Amino acid sequence: MKKIFALIVFFAFSAPFFAQKISTAEANALLKKVDAATGYYGVDFTGEYVLVQEKPGQGSSITSAIMYRRDSKSMCTIRITGPDADKGKGYVQFDKNIWFYDPSNRQFTFTAPKDKFQDTNVNNSDLRPQHYSENYDIESAEYVTLGKLNCICFTLNASKKLLNDVDYPALKLWVTKDDFLTRKREDYSLSGQLLRVTAIPSYQKVDGRSVPSKMVIQDRLRGLKINGKIKYESTQVTVSNVSFQKLGDVVYSKQYLENMSL
């Protein structure tokens, strides 16, 4: 787990060396490009995910899953493949709704994008395309450096009419200047309290598309004081075996999860 904290320190807490303001018109155009970089439109996405959650004083736990996405239609299916006690569970999203399936009672229950994925520090929405330009207003934008990376830093506030729909009412977002890939994100409460820090230090190229290789989320509301210092819960997400091959429509259905759990 030392690697997790090293990634958090380097990417999540690096301070910008310089800042150059960006005009409102340019910032709006750039934020739309950030949105486009988070999705895989016109293709189907398949990837294997491993989530390692570290709870201070309790050790770590591992969840593995396979994700299928059709971003052009806001459709997504996730099959939990580990641990053994959770095999067969899953999520399916269509018609802007997310359903959780539990094979023990063969029931589907509604869940929300802001809900925690398998009780980790990851929200359901973290695993799907982002829509910053639709959901947030830009307070400021500037060119900065984050470590050795040339980035754009956005300070965003949720649109008033969508305040109850977004995961967090305010956030700061660092994306690399040349490809608009997210490298760091800070989520804030309405009062300005820092709630989470996300770092995405590495990406992989698959069929010309950029996919996160590793993502680390530190939850600033879940922690434990150890030897006089607060240590926060964190979850590291690793993505592998990525494919953009076409999938059948049945994959994005409740029936698929039911059949795969038998």
# chains A, B, ... in the order shown; residues from 1 in each chain; ligands from 1
>>> residues_around(residues="stretch 150-158 of chain A", least_positions_apart="4", cutoff="8 Å", atoms="only C-alpha atoms", output="NGL selection string")
:A and (135-146 or 162-163 or 166 or 168-177)
>>> closest_atom_pairs(of="stretch 94-142 of chain A", to="stretch 54-61 of chain A", cutoff="12 Å", atoms="only C-alpha atoms", output="CSV")
residue,atom,partner,partner_atom,distance
A:Gln118,CA,A:Ser61,CA,11.0
A:Asp119,CA,A:Ser61,CA,10.7
A:Thr120,CA,A:Glu54,CA,9.1
A:Asn121,CA,A:Glu54,CA,9.4
>>> write_last_selection(atoms="N, CA, C and O atoms", output="PDB file, in the first residue's frame")
ATOM      1  N   GLN A 118     -19.771  -0.972  -3.904  1.00  0.00           N
ATOM      2  CA  GLN A 118     -19.359  -2.094  -3.053  1.00  0.00           C
ATOM      3  C   GLN A 118     -18.726  -1.609  -1.747  1.00  0.00           C
ATOM      4  O   GLN A 118     -17.785  -2.212  -1.217  1.00  0.00           O
ATOM      5  N   ASP A 119     -19.263  -0.512  -1.205  1.00  0.00           N
ATOM      6  CA  ASP A 119     -18.822   0.043   0.074  1.00  0.00           C
ATOM      7  C   ASP A 119     -17.341   0.427   0.071  1.00  0.00           C
ATOM      8  O   ASP A 119     -16.689   0.440   1.113  1.00  0.00           O
ATOM      9  N   THR A 120     -16.802   0.760  -1.112  1.00  0.00           N
ATOM     10  CA  THR A 120     -15.432   1.265  -1.182  1.00  0.00           C
ATOM     11  C   THR A 120     -15.483   2.793  -1.126  1.00  0.00           C
ATOM     12  O   THR A 120     -16.521   3.380  -0.838  1.00  0.00           O
ATOM     13  N   ASN A 121     -14.374   3.437  -1.413  1.00  0.00           N
ATOM     14  CA  ASN A 121     -14.334   4.895  -1.461  1.00  0.00           C
ATOM     15  C   ASN A 121     -14.649   5.420  -2.856  1.00  0.00           C
ATOM     16  O   ASN A 121     -14.529   6.617  -3.121  1.00  0.00           O
TER      17      ASN A 121
END
>>> closest_residue(among="A:Asp207, A:Ser64, A:Asn164, A:Lys33", to="A:Gln245", atoms="only C-alpha atoms")
A:Asp207
>>> residues_around(residues="A:Met215", least_positions_apart="3", cutoff="8 Å", atoms="only C-alpha atoms", output="list in words")
Thr198, Ala199, Ile200, Pro201, Ser202, Pro212, Gln236, Val237 and Thr238 of chain A
>>> write_last_selection(atoms="C-alpha atoms", output="PDB file, in the first residue's frame")
ATOM      1  CA  THR A 198      -8.597  11.535  -6.516  1.00  0.00           C
ATOM      2  CA  ALA A 199      -5.338  10.955  -8.386  1.00  0.00           C
ATOM      3  CA  ILE A 200      -5.022   9.310 -11.812  1.00  0.00           C
ATOM      4  CA  PRO A 201      -1.255   9.061 -12.341  1.00  0.00           C
ATOM      5  CA  SER A 202      -1.185   6.768 -15.363  1.00  0.00           C
ATOM      6  CA  PRO A 212      -6.849   5.000 -16.835  1.00  0.00           C
ATOM      7  CA  GLN A 236      -6.802   2.010  -5.530  1.00  0.00           C
ATOM      8  CA  VAL A 237      -8.485   1.039  -8.799  1.00  0.00           C
ATOM      9  CA  THR A 238      -6.486  -0.833 -11.450  1.00  0.00           C
TER      10      THR A 238
END
>>> select_by_dssp(residues="stretch 20-232 of chain A", states="strand (DSSP E or B)", output="ChimeraX atom specification")
/A:20-21,45-55,59-70,75-82,90-94,97-102,107-111,116,123,136-146,149-158,170-176,182-188,194-206,209-226,229-232
>>> closest_residue(among="A:Gln107, A:Ser74, A:Ser159, A:Arg209", to="A:Gly88", atoms="only C-alpha atoms")
A:Gln107
>>> atom_distance(atom1="atom CA of A:Gly82", atom2="atom CA of A:Glu186")
29.2 Å
>>> select_by_dssp(residues="stretch 76-218 of chain A", states="helix (DSSP H, G or I)", output="ChimeraX atom specification")
/A:84-86,117-119,124-127,132-135,160-162
>>> closest_residue(among="A:Ser213, A:Gly147, A:Arg185, A:Ser125", to="A:Tyr49", atoms="only C-alpha atoms")
A:Ser213
>>> atom_distance(atom1="atom CA of A:Pro103", atom2="atom CA of A:Pro129")
27.2 Å
>>> atom_distance(atom1="atom CA of A:Lys32", atom2="atom CA of A:Asp249")
28.4 Å
>>> residues_around(residues="A:Asp86", least_positions_apart="4", cutoff="12 Å", atoms="only C-alpha atoms", output="PyMOL selection string")
chain A and resi 62-65+79-82+90+101-104+118+261
>>> residues_around(residues="A:Gly39", least_positions_apart="5", cutoff="10 Å", atoms="only C-alpha atoms", output="PDB file with N, CA and C atoms, in the first residue's frame")
ATOM      1  N   VAL A  34     -12.777  18.055 -21.952  1.00  0.00           N
ATOM      2  CA  VAL A  34     -12.534  17.178 -20.808  1.00  0.00           C
ATOM      3  C   VAL A  34     -13.636  16.128 -20.721  1.00  0.00           C
ATOM      4  N   PHE A  45     -17.085  -0.645 -24.514  1.00  0.00           N
ATOM      5  CA  PHE A  45     -15.886  -0.748 -23.675  1.00  0.00           C
ATOM      6  C   PHE A  45     -16.006  -1.947 -22.752  1.00  0.00           C
ATOM      7  N   ARG A  69     -19.393  -1.050 -21.006  1.00  0.00           N
ATOM      8  CA  ARG A  69     -19.999   0.268 -21.166  1.00  0.00           C
ATOM      9  C   ARG A  69     -20.339   0.535 -22.624  1.00  0.00           C
ATOM     10  N   ARG A  70     -21.493   1.161 -22.821  1.00  0.00           N
ATOM     11  CA  ARG A  70     -21.877   1.706 -24.124  1.00  0.00           C
ATOM     12  C   ARG A  70     -22.239   3.163 -23.869  1.00  0.00           C
ATOM     13  N   ASP A  71     -21.225   4.017 -23.887  1.00  0.00           N
ATOM     14  CA  ASP A  71     -21.383   5.392 -23.439  1.00  0.00           C
ATOM     15  C   ASP A  71     -22.319   6.206 -24.328  1.00  0.00           C
ATOM     16  N   SER A  72     -22.403   5.860 -25.600  1.00  0.00           N
ATOM     17  CA  SER A  72     -23.263   6.618 -26.502  1.00  0.00           C
ATOM     18  C   SER A  72     -24.730   6.525 -26.117  1.00  0.00           C
ATOM     19  N   SER A  74     -25.513   5.710 -22.687  1.00  0.00           N
ATOM     20  CA  SER A  74     -25.492   5.753 -21.211  1.00  0.00           C
ATOM     21  C   SER A  74     -25.882   4.406 -20.613  1.00  0.00           C
ATOM     22  N   ARG A 128     -17.920   5.930 -14.662  1.00  0.00           N
ATOM     23  CA  ARG A 128     -18.690   6.258 -15.853  1.00  0.00           C
ATOM     24  C   ARG A 128     -18.233   7.599 -16.430  1.00  0.00           C
ATOM     25  N   PRO A 129     -18.677   7.949 -17.640  1.00  0.00           N
ATOM     26  CA  PRO A 129     -18.294   9.243 -18.215  1.00  0.00           C
ATOM     27  C   PRO A 129     -18.756  10.403 -17.338  1.00  0.00           C
ATOM     28  N   GLN A 130     -17.991  11.488 -17.380  1.00  0.00           N
ATOM     29  CA  GLN A 130     -18.325  12.675 -16.603  1.00  0.00           C
ATOM     30  C   GLN A 130     -18.983  13.718 -17.510  1.00  0.00           C
ATOM     31  N   HIS A 131     -19.779  14.586 -16.887  1.00  0.00           N
ATOM     32  CA  HIS A 131     -20.496  15.626 -17.630  1.00  0.00           C
ATOM     33  C   HIS A 131     -20.333  16.962 -16.904  1.00  0.00           C
ATOM     34  N   ARG A 209      -7.253   5.031 -27.908  1.00  0.00           N
ATOM     35  CA  ARG A 209      -8.018   5.685 -26.850  1.00  0.00           C
ATOM     36  C   ARG A 209      -7.276   5.583 -25.521  1.00  0.00           C
ATOM     37  N   SER A 210      -7.414   6.608 -24.686  1.00  0.00           N
ATOM     38  CA  SER A 210      -6.742   6.646 -23.390  1.00  0.00           C
ATOM     39  C   SER A 210      -7.665   6.119 -22.300  1.00  0.00           C
ATOM     40  N   VAL A 211      -7.167   5.153 -21.546  1.00  0.00           N
ATOM     41  CA  VAL A 211      -7.922   4.530 -20.467  1.00  0.00           C
ATOM     42  C   VAL A 211      -7.080   4.586 -19.195  1.00  0.00           C
TER      43      VAL A 211
END
>>> closest_residue(among="A:Val43, A:Thr38, A:Thr109, A:Gln20", to="A:Lys254", atoms="only C-alpha atoms")
A:Thr109
